[in-house]
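In what follows, a structure is listed as structure tokens, so that the remarks can point back to it.
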Amino acid sequence: MGEETRNFPYADVIVDISHESVDRPFTYRIPEDLKGKLETGMSVSVPFGRGDSVRQGYVIALRDSISFDERKAKEILRRAKEDTAVDAVLVRLAGWIREQYGSTMIAALKTVLPAKQKKRNLEKKEIRRLLSAEETEDLAKRSAQKNRSAMARLLSALAERERLPMELVREKLHISSSTINSLEKQGALRIQSVRIYRNPVESSMEAAKKKDAFGKDSPILSAAQQKIVDSVLDDYDAGIRKTYLLHGITGSGKTEVYMKLIEECIDRGRQAILLIPEIALTYQTVVRFLKRFGNRVSVLHSGLSAGEKYDQCERAKNGDIDVIIGPRSALFTPFERLGLIIIDEEHESSYKSETMPKYHARETAVYLASLHHASVLLGSATPSLESYYRAKQGQYGFFYLGERLTGNVLPQVHRVDLRQELRQGNRSIFSRKLQELMEERLKKGEQVMLFLNRRGYAGFVSCRNCGHVMECPHCSVSLSEHKNGKLVCHYCGYEEPAVKSCPACGSKYILGFKAGTEAVEEKLRQMYPKARVLRMDGDTTKKKDSYEKILSAFADREADILLGTQMIVKGHDFPGVTLVGVLAADMSLFAGDYRAAERTFQLLTQAAGRAGRGDLPGEVVIQTYQPDHYSIVHAAAQNYEKFYEEEVLYREIGGYPPSSHMMAVLVTGEDEEHVKALAQELAKLAGEEEGAVTVLGPCPASYSKLNDNYRFIFYMKSVDEKKLAEARERMENHIQTLQKRAEQVQFDIDPMNGY
Ligand code: ADP
Ligand code: ZN
Ligand code: ZN
């Protein structure tokens, strides 16, 4: 039951709306005429402080009772008219996030509200003339006649421009403070302070100007690009707001479409947010937007200082910028006139928050857009199953761009069967085909990228002889090998003893799959002592900037081979790369969760897209024990549609998203028995309503203990998302009744990351 339908007597209101003040909401009595009419996020006028001055606040919760003397409670005065103000929108958004993803209102508010700046605002001094231009000019002439040349210089400058920065006056015009003071006394000018904002893209802007990058015009859009733009704008101008999916292969001109739409959005007096994965927010991307939008664009990302972040929010609020670029959290930029949200690489799992509330930026963007009457455009070369599914159902508009505009052709892809290699006596991690092609590249001085798509928790067991993978008989995901040797399903907890021989072919080569980038690097150095190898993984990118440094070193051809995890397949163009090797495609294929095949398809498609970006054609080698697996076959052929058809079928049969919904419930705490007991209690509550949701587990999570905290997990599935929300509500209510609970409970709808 939604809380707004009941006649609550009290409401929690926050008055000073900021990240820090949400911990101290004030409880007010709701007057008779407003009972049943207030909702989370509405703005109200309330008496505040000793003098009861009237302030505007936001309702963040409705409540039945009050924790202090009821006679001391003040009463809400009225609903405020200003309901569309951006703060009200953000509070409503927080309310929706709380409902949708399950968290406290305070955690949701902290997610959406900008943190208040602890540092001082930056200010600078400027001089403002108080007389008209003519009067000032007159005065300048008279000063000159009296040989007061400094005074004359300043006055002439002021005649031309009403306001001059103090810096300029002192350092460029060489005017002393006594001259300025004397003119101030005469009433000719005033010294004033103005707030200035930190601008994180200023240095990029300077660099871009120096490189003369500003001069270039934007390209004329191709017919296919223009059609997309026109179609979105026709809807927009007819008052129709929708979510659109743009499926476009890498290099097909999606970014140009984004920029054109943003431009048109600005022309219509509205603002735009462009979300990109943090990892893709490189100097090159920013400069491309700076060229187009100058200082009307800014960025918001985790590398900024608190002051820089705060100032970007202020600039957005004041209307000083029209476009913001950033990862997931940039969605909460406080634009008053938001007209368009674009999410590039919408399939990326980084759009899902990993901390409570575990919101997905895509769903949240669609809701936020509805509050602002704005449009949403999702773009990807490998759309998420969810988005493609919705596009097919007509819920999203759909566009396709299928040609590379840079003219170069798609690479040739070789699938190598590692079972075959083993049978023929090659036990190396490099197949003969890959070795042959690598040697050829090294001889010619072309570059190679080697990719090991390792997932932290991939511990699947497979047969090196026939490729058979040990799977859960109930969940159709691979079993993971535990330290005690048992094979365990991370969804339902099913387990079986380790196997000595392959159940399919009887071979003894059935093993856990492990390979690390370090070991591969070692091998490369032995095989090709002269080759220069760069390694990029979690270990080599711990330091700030190391990610950019490695990539630019490789781009500058300081190395022949770049070896790395999935990080290397994103962003960045390397024209020198003509060979991409995927060492073990199976690593992501059997990661033990329902998205494994989708993730593999995405990674392989992206990896293949890295080869042959320059003038030279590229080749790709995909090594696998499962060359016939549909995600590998279709990635090799770069055929998204075929992949989708098979994958969506698997999801339907397994009861996984997008055709069904799934919710993970993670219980953590220091006492293993308590954690387990609470997980079991909650799982029982979750499955209470007959036939509504299917419960898998609980069982220990794949990381069964982290930072001395035990972790138990269970999953719920249902075709009806509402049933999951109801089950969650039952659990939340139960949790509230528990006294002195030390365990934490997290909810995650349609999880994208493993536990
Ligand atoms: P995507 O975002 O799909 O990877 P981009 O928009 O980055 O594609 O375009 C790929 C390349 O093609 C870029 O170098 C871009 O400048 C160029 N490009 C895009 N659209 C056009 C166009 N209409 N005419 C000429 N070049 C274009
Ligand atoms: Zn076998
Ligand atoms: Zn299972």
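So you can find residues: chains in the structure tokens are A, B, ... in the order shown, residues in each start at 1, and ligands are numbered from 1 in order.
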As a ChimeraX atom specification, please: the residues near stretch 414-420 of chain A (cut-off 12 Å, only C-alpha atoms, same-chain neighbours under 6 positions excluded).
/A:426-435,437,462-468,507,509-510,579-586,604,608,618-629,632-637
Residues of chain A that have any atom at most 9 Å from an atom of ligand 3: could you tabulate them with the shortest-distance atom pair and the distance in Å to one decimal, using only C-alpha atoms and all ligand atoms, ordered by chain and increasing number, as a Markdown table?
| residue | atom | partner | partner_atom_place_in_ligand_line | distance |
| --- | --- | --- | --- | --- |
| A:Glu471 | CA | ligand 3 | 1 (Zn) | 8.2 |
| A:Cys472 | CA | ligand 3 | 1 (Zn) | 4.8 |
| A:Pro473 | CA | ligand 3 | 1 (Zn) | 6.5 |
| A:His474 | CA | ligand 3 | 1 (Zn) | 4.8 |
| A:Cys475 | CA | ligand 3 | 1 (Zn) | 4.2 |
| A:Ser476 | CA | ligand 3 | 1 (Zn) | 7.1 |
| A:Val477 | CA | ligand 3 | 1 (Zn) | 7.0 |
| A:Ser478 | CA | ligand 3 | 1 (Zn) | 8.5 |
| A:Leu479 | CA | ligand 3 | 1 (Zn) | 7.9 |
| A:Val488 | CA | ligand 3 | 1 (Zn) | 8.0 |
| A:Cys489 | CA | ligand 3 | 1 (Zn) | 4.7 |
| A:His490 | CA | ligand 3 | 1 (Zn) | 6.5 |
| A:Tyr491 | CA | ligand 3 | 1 (Zn) | 5.0 |
| A:Cys492 | CA | ligand 3 | 1 (Zn) | 4.1 |
| A:Gly493 | CA | ligand 3 | 1 (Zn) | 6.0 |
| A:Tyr494 | CA | ligand 3 | 1 (Zn) | 5.4 |
| A:Glu495 | CA | ligand 3 | 1 (Zn) | 8.4 |
| A:Leu696 | CA | ligand 3 | 1 (Zn) | 7.5 |
| A:Gly697 | CA | ligand 3 | 1 (Zn) | 8.4 |
Export, as a short mmCIF file (atom, residue, chain, number, x, y, z; two decimals), in the first residue's frame, the selected residues with C-alpha atoms.
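again.cif, freshly written:
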data_model
loop_
_atom_site.label_atom_id
_atom_site.label_comp_id
_atom_site.auth_asym_id
_atom_site.auth_seq_id
_atom_site.Cartn_x
_atom_site.Cartn_y
_atom_site.Cartn_z
CA GLU A 471 26.53 -26.55 -14.25
CA CYS A 472 23.80 -26.26 -11.63
CA PRO A 473 20.93 -28.58 -12.56
CA HIS A 474 18.42 -26.03 -11.20
CA CYS A 475 19.70 -22.65 -12.36
CA SER A 476 21.53 -23.15 -15.68
CA VAL A 477 24.60 -21.28 -14.49
CA SER A 478 28.05 -22.73 -13.97
CA LEU A 479 29.08 -24.15 -10.62
CA VAL A 488 28.68 -24.77 -5.53
CA CYS A 489 25.88 -22.85 -7.24
CA HIS A 490 25.88 -19.20 -6.23
CA TYR A 491 22.18 -18.77 -6.84
CA CYS A 492 20.56 -21.67 -5.01
CA GLY A 493 23.34 -23.13 -2.90
CA TYR A 494 23.22 -26.53 -4.63
CA GLU A 495 26.53 -28.33 -4.16
CA LEU A 696 16.54 -19.55 -4.39
CA GLY A 697 18.76 -20.12 -1.40
#
List the spatial neighbours of A:Met356 as a VMD selection string - criterion: any atom at most 12 Å away, only C-alpha atoms, same-chain residues fewer than 3 positions off excluded.
chain A and resid 97 to 98 100 to 111 352 to 353 359 to 360 665 to 666 744 to 749
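Among the residues of stretch 105-225 of chain A, backbone DSSP assigns strand (DSSP E or B) to Leu122, Glu123, Lys124, Lys125, Glu126, Ile127, Arg128, Arg129, Arg163, Leu164, Pro165, Leu189, Arg190, Ile191, Gln192, Ser193, Val194, Arg195 and Ile196 of chain A.
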Expected file contents, prior selection, N, CA, C and O atoms, as a PDB file, in the first residue's frame:
ATOM      1  N   LEU A 122      34.890  30.619  -3.656  1.00  0.00           N
ATOM      2  CA  LEU A 122      35.974  31.413  -4.229  1.00  0.00           C
ATOM      3  C   LEU A 122      35.391  32.744  -4.690  1.00  0.00           C
ATOM      4  O   LEU A 122      34.309  32.808  -5.243  1.00  0.00           O
ATOM      5  N   GLU A 123      36.170  33.806  -4.413  1.00  0.00           N
ATOM      6  CA  GLU A 123      35.690  35.117  -4.846  1.00  0.00           C
ATOM      7  C   GLU A 123      36.803  35.872  -5.529  1.00  0.00           C
ATOM      8  O   GLU A 123      37.975  35.593  -5.328  1.00  0.00           O
ATOM      9  N   LYS A 124      36.433  36.816  -6.341  1.00  0.00           N
ATOM     10  CA  LYS A 124      37.448  37.719  -6.856  1.00  0.00           C
ATOM     11  C   LYS A 124      36.875  39.132  -6.850  1.00  0.00           C
ATOM     12  O   LYS A 124      35.660  39.334  -6.833  1.00  0.00           O
ATOM     13  N   LYS A 125      37.800  40.100  -6.858  1.00  0.00           N
ATOM     14  CA  LYS A 125      37.364  41.495  -6.815  1.00  0.00           C
ATOM     15  C   LYS A 125      37.267  42.042  -8.221  1.00  0.00           C
ATOM     16  O   LYS A 125      38.037  41.668  -9.110  1.00  0.00           O
ATOM     17  N   GLU A 126      36.301  42.944  -8.396  1.00  0.00           N
ATOM     18  CA  GLU A 126      36.246  43.625  -9.679  1.00  0.00           C
ATOM     19  C   GLU A 126      35.828  45.073  -9.458  1.00  0.00           C
ATOM     20  O   GLU A 126      35.349  45.462  -8.388  1.00  0.00           O
ATOM     21  N   ILE A 127      36.079  45.868 -10.489  1.00  0.00           N
ATOM     22  CA  ILE A 127      35.733  47.288 -10.411  1.00  0.00           C
ATOM     23  C   ILE A 127      34.560  47.542 -11.333  1.00  0.00           C
ATOM     24  O   ILE A 127      34.540  47.071 -12.477  1.00  0.00           O
ATOM     25  N   ARG A 128      33.592  48.259 -10.792  1.00  0.00           N
ATOM     26  CA  ARG A 128      32.402  48.531 -11.586  1.00  0.00           C
ATOM     27  C   ARG A 128      32.218  50.050 -11.666  1.00  0.00           C
ATOM     28  O   ARG A 128      32.299  50.746 -10.656  1.00  0.00           O
ATOM     29  N   ARG A 129      31.987  50.546 -12.844  1.00  0.00           N
ATOM     30  CA  ARG A 129      31.802  51.997 -12.939  1.00  0.00           C
ATOM     31  C   ARG A 129      30.393  52.364 -12.533  1.00  0.00           C
ATOM     32  O   ARG A 129      29.456  51.588 -12.712  1.00  0.00           O
ATOM     33  N   ARG A 163      32.448  46.579 -16.218  1.00  0.00           N
ATOM     34  CA  ARG A 163      33.120  45.894 -15.116  1.00  0.00           C
ATOM     35  C   ARG A 163      34.481  45.379 -15.559  1.00  0.00           C
ATOM     36  O   ARG A 163      34.632  44.855 -16.639  1.00  0.00           O
ATOM     37  N   LEU A 164      35.483  45.595 -14.682  1.00  0.00           N
ATOM     38  CA  LEU A 164      36.828  45.121 -14.990  1.00  0.00           C
ATOM     39  C   LEU A 164      37.354  44.299 -13.818  1.00  0.00           C
ATOM     40  O   LEU A 164      37.228  44.703 -12.670  1.00  0.00           O
ATOM     41  N   PRO A 165      37.965  43.139 -14.112  1.00  0.00           N
ATOM     42  CA  PRO A 165      38.565  42.363 -13.031  1.00  0.00           C
ATOM     43  C   PRO A 165      39.713  43.145 -12.392  1.00  0.00           C
ATOM     44  O   PRO A 165      40.501  43.772 -13.090  1.00  0.00           O
ATOM     45  N   LEU A 189      33.390  54.967  -9.317  1.00  0.00           N
ATOM     46  CA  LEU A 189      33.401  53.510  -9.420  1.00  0.00           C
ATOM     47  C   LEU A 189      33.201  52.868  -8.060  1.00  0.00           C
ATOM     48  O   LEU A 189      33.221  53.546  -7.042  1.00  0.00           O
ATOM     49  N   ARG A 190      33.038  51.516  -8.106  1.00  0.00           N
ATOM     50  CA  ARG A 190      32.882  50.773  -6.865  1.00  0.00           C
ATOM     51  C   ARG A 190      33.699  49.491  -6.969  1.00  0.00           C
ATOM     52  O   ARG A 190      33.810  48.902  -8.042  1.00  0.00           O
ATOM     53  N   ILE A 191      34.289  49.117  -5.818  1.00  0.00           N
ATOM     54  CA  ILE A 191      34.987  47.826  -5.803  1.00  0.00           C
ATOM     55  C   ILE A 191      34.025  46.802  -5.247  1.00  0.00           C
ATOM     56  O   ILE A 191      33.397  47.025  -4.217  1.00  0.00           O
ATOM     57  N   GLN A 192      33.873  45.679  -5.938  1.00  0.00           N
ATOM     58  CA  GLN A 192      32.953  44.670  -5.417  1.00  0.00           C
ATOM     59  C   GLN A 192      33.527  43.266  -5.563  1.00  0.00           C
ATOM     60  O   GLN A 192      34.429  43.021  -6.353  1.00  0.00           O
ATOM     61  N   SER A 193      32.996  42.371  -4.762  1.00  0.00           N
ATOM     62  CA  SER A 193      33.426  40.972  -4.821  1.00  0.00           C
ATOM     63  C   SER A 193      32.418  40.172  -5.626  1.00  0.00           C
ATOM     64  O   SER A 193      31.220  40.362  -5.474  1.00  0.00           O
ATOM     65  N   VAL A 194      32.909  39.296  -6.477  1.00  0.00           N
ATOM     66  CA  VAL A 194      31.980  38.406  -7.175  1.00  0.00           C
ATOM     67  C   VAL A 194      32.407  36.976  -6.945  1.00  0.00           C
ATOM     68  O   VAL A 194      33.582  36.664  -6.845  1.00  0.00           O
ATOM     69  N   ARG A 195      31.415  36.133  -6.882  1.00  0.00           N
ATOM     70  CA  ARG A 195      31.670  34.712  -6.677  1.00  0.00           C
ATOM     71  C   ARG A 195      32.237  34.135  -7.973  1.00  0.00           C
ATOM     72  O   ARG A 195      31.711  34.386  -9.049  1.00  0.00           O
ATOM     73  N   ILE A 196      33.300  33.357  -7.858  1.00  0.00           N
ATOM     74  CA  ILE A 196      33.740  32.644  -9.054  1.00  0.00           C
ATOM     75  C   ILE A 196      33.662  31.150  -8.813  1.00  0.00           C
ATOM     76  O   ILE A 196      33.725  30.681  -7.689  1.00  0.00           O
TER      77      ILE A 196
END
Write out as a PyMOL selection string the residues lying within 10 Å of A:Glu689, counting only C-alpha atoms and excluding same-chain residues fewer than 3 positions away.
chain A and resi 684-686+692-694+723+726-727
One-decimal distance in Å that lies between atom CA of A:Ser252 and atom 20 (N, counted along the ligand's line) of ligand 1:
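Interatomic distance, atom 20 (N, counted along the ligand's line) of ligand 1 to atom CA of A:Ser252: 7.0 Å.
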Nearest to A:His373 by atom-to-atom distance, counting only C-alpha atoms, from A:Ser302, A:Gln271, A:Thr406, A:Thr282
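Using only C-alpha atoms, A:His373 sits closest to A:Gln271.
Note that the spacing between atom CA of A:Asp537 and atom CA of A:Leu331 amounts to 28.3 Å.
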Residue with smallest distance to ligand 1 - pool A:Gln186, A:Gln226, A:Ser231, A:Thr364, counting only C-alpha atoms and all ligand atoms:
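Ranked by minimum distance to ligand 1, first place goes to A:Gln226.
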Per residue of chain A within 9 Å of ligand 1, record the nearest atom pair and its distance in Å to one decimal, counting only C-alpha atoms and all ligand atoms, with rows in chain order and ascending residue number, as a Markdown table.
| residue | atom | partner | partner_atom_place_in_ligand_line | distance |
| --- | --- | --- | --- | --- |
| A:Ser218 | CA | ligand 1 | 16 (O) | 8.0 |
| A:Pro219 | CA | ligand 1 | 24 (N) | 4.7 |
| A:Ile220 | CA | ligand 1 | 23 (N) | 4.9 |
| A:Leu221 | CA | ligand 1 | 23 (N) | 3.5 |
| A:Ser222 | CA | ligand 1 | 23 (N) | 4.5 |
| A:Ala223 | CA | ligand 1 | 23 (N) | 8.2 |
| A:Ala224 | CA | ligand 1 | 23 (N) | 8.9 |
| A:Gln225 | CA | ligand 1 | 23 (N) | 7.0 |
| A:Gln226 | CA | ligand 1 | 23 (N) | 8.5 |
| A:Gly248 | CA | ligand 1 | 3 (O) | 5.9 |
| A:Ile249 | CA | ligand 1 | 3 (O) | 6.0 |
| A:Thr250 | CA | ligand 1 | 4 (O) | 4.1 |
| A:Gly251 | CA | ligand 1 | 4 (O) | 3.4 |
| A:Ser252 | CA | ligand 1 | 3 (O) | 4.0 |
| A:Gly253 | CA | ligand 1 | 6 (O) | 3.2 |
| A:Lys254 | CA | ligand 1 | 3 (O) | 3.7 |
| A:Thr255 | CA | ligand 1 | 6 (O) | 3.6 |
| A:Glu256 | CA | ligand 1 | 6 (O) | 4.2 |
| A:Val257 | CA | ligand 1 | 6 (O) | 6.8 |
| A:Tyr258 | CA | ligand 1 | 6 (O) | 8.0 |
| A:Met259 | CA | ligand 1 | 6 (O) | 8.7 |
| A:Asp344 | CA | ligand 1 | 2 (O) | 8.4 |
| A:Gly379 | CA | ligand 1 | 3 (O) | 8.5 |
| A:Ser380 | CA | ligand 1 | 3 (O) | 8.0 |
| A:Ala381 | CA | ligand 1 | 3 (O) | 7.6 |
| A:Leu401 | CA | ligand 1 | 3 (O) | 8.0 |
| A:Arg404 | CA | ligand 1 | 10 (C) | 7.0 |
| A:Leu405 | CA | ligand 1 | 12 (O) | 4.8 |
| A:Thr406 | CA | ligand 1 | 12 (O) | 5.1 |
| A:Gly407 | CA | ligand 1 | 12 (O) | 8.6 |
If you measure from atom CA of A:Val15 to atom CA of A:Ile60, what distance in Å do you get, rounded to one decimal?
10.3 Å
